[in-house]
Structure formats: C-alpha cells, structure tokens
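What follows is the content of model_14.txt (compact mmCIF, C-alpha atoms).
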```
# COMPACT_ATOMS: atom_id res chain seq x y z
CA MET A 30 117.67 116.81 118.59
CA VAL A 31 113.91 116.40 118.62
CA SER A 32 112.22 116.80 121.97
CA PRO A 33 109.45 114.31 122.86
CA SER A 34 106.77 116.98 122.44
CA GLN A 35 107.76 117.36 118.77
CA VAL A 36 107.25 113.70 117.98
CA THR A 37 103.85 113.45 116.26
CA PRO A 38 101.66 110.32 116.30
CA SER A 39 102.33 109.78 112.59
CA ASP A 40 106.10 109.71 113.27
CA VAL A 41 105.62 106.98 115.84
CA ARG A 42 103.30 105.12 113.51
CA GLU A 43 105.84 105.19 110.70
CA ARG A 44 108.64 104.18 113.08
CA LEU A 45 106.59 101.17 114.15
CA LEU A 46 105.88 100.21 110.53
CA ARG A 47 109.59 100.44 109.69
CA ALA A 48 110.42 98.40 112.79
CA THR A 49 107.89 95.73 111.75
CA LEU A 50 109.48 95.57 108.30
CA ALA A 51 112.92 95.11 109.88
CA CYS A 52 111.59 92.36 112.17
CA VAL A 53 109.87 90.54 109.32
CA GLU A 54 113.18 90.67 107.49
CA ARG A 55 114.87 89.02 110.46
CA TRP A 56 112.25 86.68 111.93
CA GLY A 57 109.69 86.21 109.18
CA LEU A 58 106.05 87.19 108.91
CA THR A 59 104.50 84.76 111.38
CA LYS A 60 107.26 84.69 114.01
CA THR A 61 107.55 88.44 114.53
CA SER A 62 106.09 89.43 117.91
CA VAL A 63 104.95 92.75 119.41
CA GLU A 64 107.92 92.44 121.78
CA ASP A 65 110.37 92.26 118.84
CA ILE A 66 108.76 95.27 117.18
CA ALA A 67 108.76 97.36 120.36
CA ARG A 68 112.45 96.59 120.95
CA GLU A 69 113.34 97.38 117.32
CA ALA A 70 111.43 100.68 117.48
CA GLY A 71 112.87 101.54 120.89
CA CYS A 72 109.52 101.96 122.60
CA SER A 73 107.33 100.10 125.07
CA ARG A 74 104.75 97.45 124.25
CA ALA A 75 102.14 99.84 125.63
CA THR A 76 103.08 102.39 122.95
CA VAL A 77 102.69 99.74 120.27
CA TYR A 78 99.21 98.86 121.52
CA ARG A 79 98.22 102.54 121.79
CA HIS A 80 98.86 102.97 118.06
CA PHE A 81 97.79 99.50 116.99
CA PRO A 82 95.18 98.19 119.44
CA GLY A 83 94.89 95.01 117.36
CA GLY A 84 98.53 94.20 118.19
CA ARG A 85 100.65 91.98 116.00
CA GLU A 86 97.97 91.18 113.47
CA GLU A 87 97.02 94.81 112.92
CA LEU A 88 100.66 95.89 112.68
CA VAL A 89 101.55 93.25 110.11
CA ARG A 90 98.48 94.12 108.04
CA ALA A 91 99.29 97.86 108.24
CA THR A 92 102.91 97.23 107.30
CA VAL A 93 102.01 95.15 104.25
CA GLU A 94 99.52 97.88 103.27
CA TRP A 95 102.15 100.59 103.72
CA GLU A 96 104.79 98.76 101.70
CA VAL A 97 102.37 97.89 98.87
CA ASP A 98 101.19 101.51 98.79
CA ARG A 99 104.81 102.75 98.56
CA PHE A 100 105.46 100.24 95.77
CA PHE A 101 102.58 101.50 93.64
CA ARG A 102 103.42 105.14 94.34
CA ARG A 103 106.89 104.46 92.93
CA ILE A 104 105.33 103.05 89.75
CA GLU A 105 102.94 106.00 89.54
CA ALA A 106 105.80 108.51 89.88
CA ARG A 107 107.78 106.64 87.27
CA ILE A 108 105.00 106.73 84.64
CA ALA A 109 103.74 110.26 85.39
CA GLU A 110 105.87 111.78 82.61
CA GLN A 111 104.73 109.31 79.93
CA PRO A 112 102.45 111.00 77.38
CA ASP A 113 99.72 108.38 76.83
CA LEU A 114 98.09 105.24 78.15
CA ALA A 115 100.17 102.85 76.00
CA SER A 116 103.50 104.25 77.15
CA LYS A 117 102.37 104.41 80.78
CA LEU A 118 101.41 100.71 80.64
CA ARG A 119 104.69 99.82 78.92
CA VAL A 120 106.94 101.67 81.34
CA GLY A 121 104.81 100.60 84.31
CA LEU A 122 105.13 96.91 83.37
CA VAL A 123 108.89 97.02 82.80
CA PHE A 124 109.60 99.08 85.92
CA GLY A 125 107.07 97.33 88.17
CA HIS A 126 108.20 93.86 87.16
CA ARG A 127 111.83 94.73 87.83
CA ALA A 128 110.92 96.28 91.18
CA ILE A 129 109.17 93.05 92.22
CA ARG A 130 112.16 90.93 91.13
CA GLU A 131 114.54 93.17 93.05
CA HIS A 132 112.40 93.43 96.19
CA GLU A 133 114.50 91.14 98.35
CA LEU A 134 112.19 90.97 101.32
CA LEU A 135 109.17 90.18 99.13
CA GLN A 136 111.07 87.47 97.26
CA ARG A 137 112.33 85.93 100.48
CA VAL A 138 108.93 85.83 102.20
CA LEU A 139 107.40 84.45 98.98
CA ARG A 140 109.87 81.56 99.28
CA THR A 141 109.61 80.96 103.01
CA GLU A 142 106.02 81.93 103.97
CA PRO A 143 104.03 82.20 100.72
CA ASP A 144 100.69 81.24 102.25
CA ALA A 145 100.87 83.81 105.08
CA LEU A 146 102.08 86.60 102.79
CA LEU A 147 99.53 85.93 100.05
CA GLU A 148 96.69 85.88 102.54
CA GLU A 149 97.87 89.29 103.81
CA LEU A 150 98.24 90.62 100.27
CA SER A 151 94.79 89.41 99.26
CA GLN A 152 93.37 91.61 102.04
CA VAL A 153 95.29 94.66 100.85
CA VAL A 154 94.97 94.30 97.10
CA PRO A 155 91.27 95.34 96.75
CA THR A 156 92.21 98.88 97.84
CA ILE A 157 94.98 99.04 95.24
CA GLU A 158 92.62 97.64 92.62
CA GLN A 159 90.11 100.40 93.31
CA LEU A 160 92.76 103.12 93.07
CA MET A 161 94.02 101.65 89.81
CA ARG A 162 90.52 101.48 88.30
CA THR A 163 89.99 105.18 89.03
CA TYR A 164 93.42 106.06 87.65
CA LEU A 165 92.92 104.04 84.46
CA LEU A 166 89.40 105.35 83.96
CA ALA A 167 90.72 108.94 83.84
CA LEU A 168 93.43 107.90 81.36
CA LEU A 169 90.94 106.06 79.14
CA ARG A 170 88.71 109.13 78.96
CA ALA A 171 91.61 111.03 77.37
CA GLU A 172 92.06 108.42 74.61
CA ARG A 173 90.22 107.76 71.35
CA LEU A 174 88.32 104.57 72.16
CA GLN A 175 86.78 101.85 70.02
CA LEU A 176 83.09 102.42 69.32
CA GLY A 177 80.74 101.04 71.94
CA ILE A 178 83.42 100.26 74.50
CA ASP A 179 82.31 100.08 78.16
CA VAL A 180 84.89 102.36 79.79
CA ALA A 181 84.43 101.04 83.34
CA ALA A 182 84.79 97.42 82.22
CA ALA A 183 87.83 98.38 80.13
CA ALA A 184 89.53 100.07 83.11
CA ASP A 185 88.79 96.99 85.22
CA TYR A 186 90.20 94.73 82.48
CA LEU A 187 93.44 96.74 82.21
CA MET A 188 93.86 96.76 85.99
CA ARG A 189 93.50 92.96 86.23
CA LEU A 190 95.83 92.25 83.32
CA PHE A 191 98.46 94.72 84.56
CA LEU A 192 98.54 93.18 88.05
CA SER A 193 98.66 89.66 86.60
CA TYR A 194 101.68 90.40 84.39
CA LEU A 195 103.44 92.35 87.11
CA GLY A 196 103.69 89.28 89.33
CA SER A 197 103.56 86.48 86.74
CA PRO A 198 105.02 87.32 83.32
CA GLY A 199 104.52 83.76 82.02
CA ARG A 200 105.95 83.41 78.52
CA TRP A 201 106.65 87.13 78.14
CA ASP A 202 110.07 88.67 78.74
CA LEU A 203 109.19 91.89 80.55
CA THR A 204 112.79 93.07 80.46
CA ASP A 205 112.56 93.36 76.66
CA ASP A 206 111.04 96.70 75.62
CA ALA A 207 110.00 95.50 72.16
CA GLU A 208 108.20 92.49 73.59
CA VAL A 209 106.42 94.60 76.21
CA ASP A 210 105.38 97.00 73.47
CA ARG A 211 103.86 94.14 71.49
CA LEU A 212 102.10 92.81 74.62
CA VAL A 213 100.57 96.23 75.37
CA ARG A 214 99.46 96.81 71.77
CA THR A 215 97.79 93.38 71.53
CA GLN A 216 96.45 92.02 74.82
CA PHE A 217 96.06 95.30 76.65
CA LEU A 218 94.87 97.82 74.09
CA ALA A 219 93.94 96.25 70.73
CA GLY A 220 90.28 95.99 71.72
CA ILE A 221 90.10 99.31 73.55
CA ILE A 222 92.00 102.03 71.72
CA SER A 223 90.92 103.04 68.25
CA GLY A 224 93.75 103.54 65.81
CA MET B 9 100.86 48.22 89.51
CA THR B 10 98.02 45.73 89.04
CA GLY B 11 94.58 46.62 87.65
CA GLY B 12 93.13 46.28 91.13
CA ASP B 13 95.64 48.75 92.51
CA HIS B 14 94.75 51.19 89.78
CA GLN B 15 91.08 51.02 90.72
CA LEU B 16 92.01 51.43 94.37
CA GLU B 17 94.13 54.46 93.52
CA GLU B 18 91.17 56.06 91.72
CA ARG B 19 88.88 55.33 94.66
CA ILE B 20 91.34 56.81 97.15
CA CYS B 21 91.84 59.96 95.05
CA GLU B 22 88.10 60.49 94.71
CA ALA B 23 87.67 59.98 98.45
CA ALA B 24 90.47 62.49 99.18
CA VAL B 25 88.77 65.16 97.04
CA ARG B 26 85.44 64.57 98.82
CA CYS B 27 87.17 64.89 102.21
CA ILE B 28 88.81 68.16 101.18
CA ALA B 29 85.46 69.50 99.96
CA ARG B 30 84.05 68.75 103.42
CA THR B 31 86.82 69.62 105.86
CA GLY B 32 89.65 71.25 103.94
CA LEU B 33 93.23 70.16 103.37
CA ARG B 34 94.82 70.78 106.77
CA ARG B 35 92.21 68.92 108.77
CA THR B 36 91.82 65.92 106.48
CA THR B 37 93.75 62.91 107.81
CA LEU B 38 94.64 59.65 106.08
CA ASP B 39 92.17 57.96 108.44
CA ASP B 40 89.40 60.21 107.06
CA VAL B 41 90.37 59.30 103.51
CA ALA B 42 90.60 55.58 104.34
CA LEU B 43 87.14 55.68 105.93
CA GLU B 44 85.69 57.59 102.96
CA ALA B 45 87.30 55.21 100.46
CA GLY B 46 86.32 52.12 102.45
CA CYS B 47 89.87 50.81 102.69
CA SER B 48 92.62 50.62 105.31
CA ARG B 49 95.39 53.13 106.03
CA ALA B 50 97.84 50.43 105.05
CA SER B 51 96.26 50.20 101.59
CA ILE B 52 96.71 53.94 101.12
CA TYR B 53 100.40 53.64 102.04
CA ARG B 54 100.77 50.71 99.66
CA VAL B 55 99.39 52.74 96.73
CA PHE B 56 100.95 56.04 97.83
CA PRO B 57 104.22 55.17 99.58
CA GLY B 58 104.88 58.87 100.30
CA GLY B 59 101.63 59.13 102.31
CA LYS B 60 99.62 62.34 102.37
CA ASP B 61 101.81 64.49 100.11
CA ARG B 62 101.93 61.89 97.36
CA LEU B 63 98.19 61.40 97.65
CA TRP B 64 97.44 65.15 97.31
CA VAL B 65 99.63 65.39 94.21
CA ALA B 66 97.96 62.34 92.61
CA ALA B 67 94.47 63.61 93.47
CA LEU B 68 95.25 67.06 92.02
CA GLU B 69 96.67 65.53 88.85
CA ARG B 70 93.54 63.44 88.48
CA GLU B 71 91.29 66.50 88.87
CA VAL B 72 93.28 68.45 86.29
CA ALA B 73 93.12 65.54 83.83
CA ALA B 74 89.34 65.31 84.35
CA LEU B 75 89.03 69.06 83.72
CA GLU B 76 91.05 68.77 80.51
CA GLN B 77 88.90 65.86 79.37
CA ARG B 78 85.74 67.85 79.98
CA VAL B 79 87.05 70.93 78.15
CA ALA B 80 88.33 68.80 75.25
CA THR B 81 84.81 67.44 74.77
CA ALA B 82 83.45 71.00 74.54
CA LEU B 83 86.24 72.06 72.17
CA ALA B 84 85.56 69.17 69.81
CA ASP B 85 82.21 70.79 68.98
CA ALA B 86 83.58 74.34 68.58
CA ASP B 87 84.10 75.90 65.16
CA GLY B 88 86.35 78.87 64.42
CA LEU B 89 88.73 80.81 66.66
CA ALA B 90 86.22 82.89 68.62
CA GLU B 91 84.01 79.94 69.34
CA THR B 92 86.97 77.79 70.43
CA LEU B 93 88.21 80.48 72.85
CA THR B 94 84.70 81.01 74.22
CA ALA B 95 84.10 77.30 74.73
CA ALA B 96 87.45 76.87 76.51
CA ILE B 97 86.72 79.72 78.93
CA VAL B 98 83.08 78.87 79.66
CA GLU B 99 83.68 75.15 80.15
CA THR B 100 86.70 75.68 82.42
CA ALA B 101 84.96 78.37 84.46
CA ARG B 102 81.89 76.16 84.91
CA ALA B 103 83.98 73.17 85.96
CA LEU B 104 85.94 75.25 88.50
CA ALA B 105 82.83 76.98 89.86
CA GLY B 106 81.21 73.59 90.44
CA HIS B 107 84.29 72.08 92.08
CA ASP B 108 83.39 71.80 95.77
CA ALA B 109 86.91 71.05 97.00
CA LEU B 110 88.38 74.06 95.19
CA ARG B 111 85.56 76.29 96.49
CA HIS B 112 86.14 75.10 100.04
CA LEU B 113 89.87 75.80 99.83
CA LEU B 114 89.43 79.27 98.27
CA GLU B 115 87.00 80.19 101.01
CA HIS B 116 88.56 78.60 104.09
CA GLU B 117 92.23 77.90 103.27
CA PRO B 118 93.20 80.45 100.61
CA GLY B 119 96.84 80.04 101.67
CA VAL B 120 96.79 76.57 100.07
CA VAL B 121 95.58 77.81 96.67
CA LEU B 122 96.97 81.34 96.32
CA PRO B 123 100.63 80.31 95.94
CA HIS B 124 99.61 78.56 92.70
CA LEU B 125 97.68 81.55 91.39
CA SER B 126 100.16 84.37 91.94
CA PHE B 127 103.75 85.43 91.32
CA ASP B 128 106.05 82.64 90.06
CA GLY B 129 103.64 79.97 91.30
CA LEU B 130 101.23 80.81 88.48
CA GLY B 131 103.90 79.96 85.87
CA PRO B 132 103.44 76.16 85.92
CA VAL B 133 99.64 76.56 85.86
CA LEU B 134 99.88 78.78 82.78
CA GLU B 135 102.29 76.36 81.09
CA ARG B 136 99.98 73.42 81.73
CA ALA B 137 97.13 75.40 80.17
CA VAL B 138 99.28 76.25 77.14
CA ALA B 139 100.27 72.60 76.65
CA PHE B 140 96.61 71.65 76.66
CA LEU B 141 94.94 74.50 74.78
CA ALA B 142 97.52 75.74 72.24
CA PRO B 143 97.15 72.67 69.95
CA TRP B 144 93.41 73.42 69.68
CA LEU B 145 94.20 76.94 68.50
CA GLU B 146 96.88 76.06 65.99
CA CYS B 147 94.43 75.57 63.13
CA HIS B 148 93.53 79.27 63.50
CA LEU B 149 96.82 80.87 64.61
CA ASP B 150 100.55 80.44 64.09
CA PRO B 151 102.21 78.38 66.86
CA ARG B 152 103.58 81.35 68.80
CA SER B 153 100.25 83.22 68.74
CA ALA B 154 98.44 79.99 69.70
CA ALA B 155 100.65 79.58 72.78
CA GLU B 156 100.23 83.24 73.74
CA ALA B 157 96.47 83.06 73.25
CA ALA B 158 96.26 79.92 75.41
CA GLU B 159 98.21 81.61 78.19
CA TRP B 160 96.05 84.73 77.89
CA VAL B 161 92.88 82.61 78.25
CA ALA B 162 94.29 80.89 81.36
CA ARG B 163 95.18 84.25 82.86
CA LEU B 164 91.67 85.60 82.26
CA ILE B 165 90.13 82.55 83.94
CA VAL B 166 92.29 83.13 87.02
CA LEU B 167 91.62 86.90 86.98
CA TYR B 168 87.85 86.80 86.56
CA GLY B 169 86.89 83.30 87.67
CA ALA B 170 87.71 83.74 91.35
CA ASP B 171 85.95 87.12 91.67
CA ALA B 172 82.17 87.18 92.09
CA HIS B 173 82.12 90.97 91.55
CA ALA B 174 83.95 90.92 88.21
CA PRO B 175 82.19 92.64 85.29
CA TYR B 176 82.31 89.39 83.29
CA ASP B 177 80.75 86.15 84.55
CA LEU B 178 82.88 83.50 82.85
CA THR B 179 80.25 80.80 83.32
CA ASP B 180 77.89 82.88 81.15
CA PRO B 181 78.39 82.34 77.38
CA GLY B 182 77.03 85.81 76.56
CA ASP B 183 79.52 87.54 78.84
CA VAL B 184 82.40 85.43 77.56
CA ARG B 185 81.47 86.03 73.93
CA ARG B 186 81.62 89.75 74.70
CA LEU B 187 85.01 89.40 76.41
CA VAL B 188 86.39 87.38 73.49
CA ALA B 189 85.04 89.77 70.85
CA THR B 190 86.17 92.88 72.75
CA HIS B 191 89.72 91.91 73.69
CA LEU B 192 90.93 88.53 72.42
CA ILE B 193 90.00 88.62 68.73
CA PRO B 194 91.32 92.17 68.13
CA GLY B 195 94.50 91.23 70.00
CA LEU B 196 95.06 88.03 68.02
CA VAL B 197 94.07 88.68 64.42
CA PRO B 198 94.91 91.56 62.06
CA ARG B 199 92.31 94.31 62.05
CA HIS B 200 91.04 93.61 58.53
CA GLU B 201 90.21 90.01 59.51
CA VAL B 202 88.33 90.87 62.70
CA ALA B 203 84.96 91.28 60.96
CA ARG B 204 85.16 87.76 59.57
CA HIS B 205 85.84 86.27 63.03
CA GLU B 206 82.99 88.24 64.56
CA GLN B 207 80.70 86.94 61.85
CA GLU B 208 81.67 83.34 62.70
CA HIS B 209 81.00 84.05 66.33
CA VAL B 210 77.27 84.66 65.89
CA ASN B 211 74.89 81.84 66.93
CA VAL B 212 77.44 80.06 69.08
CA LEU B 213 76.96 78.26 72.39
CA ASP B 214 73.38 79.23 73.23
```

Can the structure in the file be given as structure tokens, please?
Amino acid sequence: MVSPSQVTPSDVRERLLRATLACVERWGLTKTSVEDIAREAGCSRATVYRHFPGGREELVRATVEWEVDRFFRRIEARIAEQPDLASKLRVGLVFGHRAIREHELLQRVLRTEPDALLEELSQVVPTIEQLMRTYLLALLRAERLQLGIDVAAAADYLMRLFLSYLGSPGRWDLTDDAEVDRLVRTQFLAGIISG
Amino acid sequence: MTGGDHQLEERICEAAVRCIARTGLRRTTLDDVALEAGCSRASIYRVFPGGKDRLWVAALEREVAALEQRVATALADADGLAETLTAAIVETARALAGHDALRHLLEHEPGVVLPHLSFDGLGPVLERAVAFLAPWLECHLDPRSAAEAAEWVARLIVLYGADAHAPYDLTDPGDVRRLVATHLIPGLVPRHEVARHEQEHVNVLD
C-alpha cells in the first residue's frame, strides 16, 4: 500500500493522463469532460484543476503530447542498436509505420474525429520535429556526406520525409524490407550520403 | 445539363470559392453563395441537388482542374527532367500560395484541410498528383520511377509548401532548383548520369 504522503505530483499527473486516454477511448476527443476524467482517475475535479488549471483543453493537449512522446521514444529505442543512419531510417520506418497501423485508439479517432485530432497533433508536432532535427543532425555528422551539403537543411529534409512516410506511405509498401531499403537509398539518402 | 446550366454551375463554384476565402467553410451559407453568384437558392439546388456538400465537391474539383491546367502550361515549356520537376514544384507552390480560400482555411479552419494532408487522407491527393504529373516525366524515366517521382514531388509540396519557416521556399526557382539537384536527381537517375542532368538544369526558369 502507498500512503497519500508518498504519492508525488508526477504520479497524479500521469494518472490523470492515463485517465484522459481511457476516457477518449470511451467518449471520444471532444466529448470527454473533466468530470469523466476525475471519475476515471478516482479523484476530485479540484485535483484535476490543481494539476491542469486550463481544464479539459489543457489535459487533452497534454495527453496527446504524452502519447506522441511515448510513441517516438519507442521508435528511438527500437533503432538505437542500428549501426548507421540508413539502417536506423529503414528500421524506424518499418517499425513506426506498423505502430501507427496498430495503434487502435489513434486509428479510431482518425476515423471519428479527424479534424479535432489533427488540430491537436499539429500543435504537438513542432516539438517532435525539433527533437528529430537535433537527433538526425548528430547522426549526419557521423556519416560521410556529399560535398557541399548543408547539414542542417539535410537533417530538416530527412525529418520531414520520415514523418510524411510514417503516416502516409502512398505507393510504397512499408511492410516490405526490400522496398523500404530502396526508398531509403533513393529518396532519403541518395543526395546526402557519399558512397 | 444545358449550356446555360453549365455557365451557372461555373458561376456558383467561383462564388463559393470567394465566399470561403472571405468567411471560411463553416460559416458560408448557400444564401451567401447565392448572393455572391447573383442567383437564387433554388438555382443552386437545381444545379447541385445535394446542396452544400455537392457544391463544395464541385468547387474543389474545379480548383484542382484549374491548378492542373496552370501547371500543364508551365510544363509544356520545360525541357529535361530537372527542369520539368522544378517547373512542377514552383508553379504548384505559387498557385497554392496565391489561393486565398486555401490560405483562409489553413489559417482559420485547419481541421477542414489537415485530414486531406495527413495519414491515409493524403493518399488520394498523392494519387491525383501522380495521375497528372507522371505522364510528363515518362519521357525521362521508366513508368514506375515516373510515378514514384511524381508522388515524391507532391509530398515535398505538402511538406514544405505549408511551412513559412522551411529551409526551402518552393515559390522561389533558385531554392527549388537546389532542392531538385540535391535530392531528386540523385535519387532518380544513376550516379554516372547525374552530371548530365545538372548540366541541363543550368539557365532554367529565371
């Protein structure tokens, strides 16, 4: 048993984020209320507002942020072992694309409330983009690059293309390793890596 | 449909796009469109029996066709692969940047546009771009590469076009030439042929 004095603010925060996720699963993004979340988390509305003074809106934003952050951490952990940029991109695309397909809550809200979800995501994505640029920049500096390449613009290019394919594979079958390999060698890296 | 109805349909679509540019999609009513087009609500229902939804679809289709027409004109003057890719990107980006209704929606009602620019919703947009652009590329590339290149171009327009802070300004021929030479040409043609394509790309589109 944990006594109340041992419950830290971050525990409560995470409990509220999990409760919001559960409510969104049940009621949807726009219909979930602070009342629902408080009941799901087993706390009072006052507690919710103490942690999230902006109420419903702030909680939903924070929950989307939290879930997106967890999603990209899973990709990062998955590609950590890969030896170079090309294999990290390859494994990241295959794994990330599958994770999006299999994310039931994401897929459901994309069907039922695409406009609300995408507006939320568009607020969260710039932070992810910045983290990815920094991450890719460090990887690019360890590679042999084409002469005269602008490393910052190249990192930005890879970030944009990676995110685009993750959500919208278009004509490419991202479950096929050979096809993903060809995609990475051509569109992603042909102009960047010297070889 | 009679010739008169066709003209009326055009007029109503144009009016709808002007209304959206001014007040957005959600707040535009059929009365607004009727007033703007100088016709009655009944006329709109006669031409678009489904009402608002049918009208939006027809107006969008008309805008896309106009965009394709404009880009086709630019492509007719383009020589070589690099120049064709550059012309397609610059002309599309300029048309979209100057499209008041699209700008209004992106700024004030992103929820209307974003579902067509992300996740599975982007698929049909990419396919439409491939159907239009791939034939223009087939004199330089095999059919599969032409389709992939067309989709790649459409993706880049979505990725960079909507972002004012992007390192490439797609309405600027110099920037686009750099983007094409840096990423597209090396990704599309064998390494030993790249020099030739870069050579062709000099003195283009100034």

Contact residues around Leu187 (chain A) with all atoms listed in the file at 10 Å, ignoring same-chain residues under 5 positions, as an NGL selection string | :A and (118 or 161-162 or 165-166 or 182 or 192-193 or 213 or 216-218 or 221)

Taking all atoms listed in the file into account, which residues of chain B are within 6 Å of chain A, as a ChimeraX atom specification?
-> /B:119,127-128,131,190-191,194-195

Which distance in Å separates CA of Thr92 (chain A) and CA of Leu122 (chain A), to one decimal?
->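 Pair CA of Thr92 (chain A) / CA of Leu122 (chain A) returns 24.0 Å.
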
In Å, how far is it from CA of Trp160 (chain B) to CA of Val138 (chain B)?
->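 Separation between CA of Trp160 (chain B) and CA of Val138 (chain B): 9.1 Å.
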
Determine, for each residue of region 97-187 of chain B having at least one atom at most 8 Å from an atom of region 65-85 of chain B, the closest pair of atoms and their separation in Å to one decimal, counting all atoms listed in the file; order by chain and ascending number, as a tab-separated table.
```
residue	atom	partner	partner_atom	distance
B:Glu99	CA	B:Val79	CA	5.8
B:Thr100	CA	B:Val79	CA	6.4
B:Ala103	CA	B:Leu75	CA	6.9
B:Phe140	CA	B:Glu76	CA	7.4
B:Trp144	CA	B:Leu83	CA	7.7
```

Please identify all polymer residues within 9 Å of region 21-26 of chain B, counting all atoms listed in the file, omitting same-chain residues fewer than 5 positions from it, and present them as a list in words.
-> Leu16, Thr31, Thr36, Leu38, Asp40, Val41, Ala42, Leu43, Glu44, Ala45, Gly46, Leu63, Trp64, Ala66, Ala67, Leu68, Arg70, Glu71, Asp108 and Ala109 of chain B

B:Val120, B:Ile20, B:Ala90, B:Ala162 ranked by distance to Phe56 (chain B), top pick (using all atoms listed in the file) =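 With all atoms listed in the file as the atom set, the closest residue is B:Ile20.
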
Of the candidates B:Asp150, B:Glu201, B:Glu91, B:Glu159, which shows the shortest atom-to-atom distance to Gly182 (chain B), using only C-alpha atoms?
->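 Among the listed residues, the smallest separation from Gly182 (chain B) belongs to B:Glu91.
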
Between CA of Leu89 (chain B) and CA of Cys147 (chain B) lies a distance of 8.5 Å

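For the set B:Ala86, B:Ile97, B:Val166, B:Ala154, the residue with the smallest atom-to-atom gap to His124 (chain B) is B:Val166, counting all atoms listed in the file.
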
Do you know which residues are at most 10 Å from Tyr168 (chain B) counting all atoms listed in the file, after dropping those on the same chain fewer than 3 positions away, and could you put them as a ChimeraX atom specification?
-> /A:186,189 /B:101,163-165,171-178
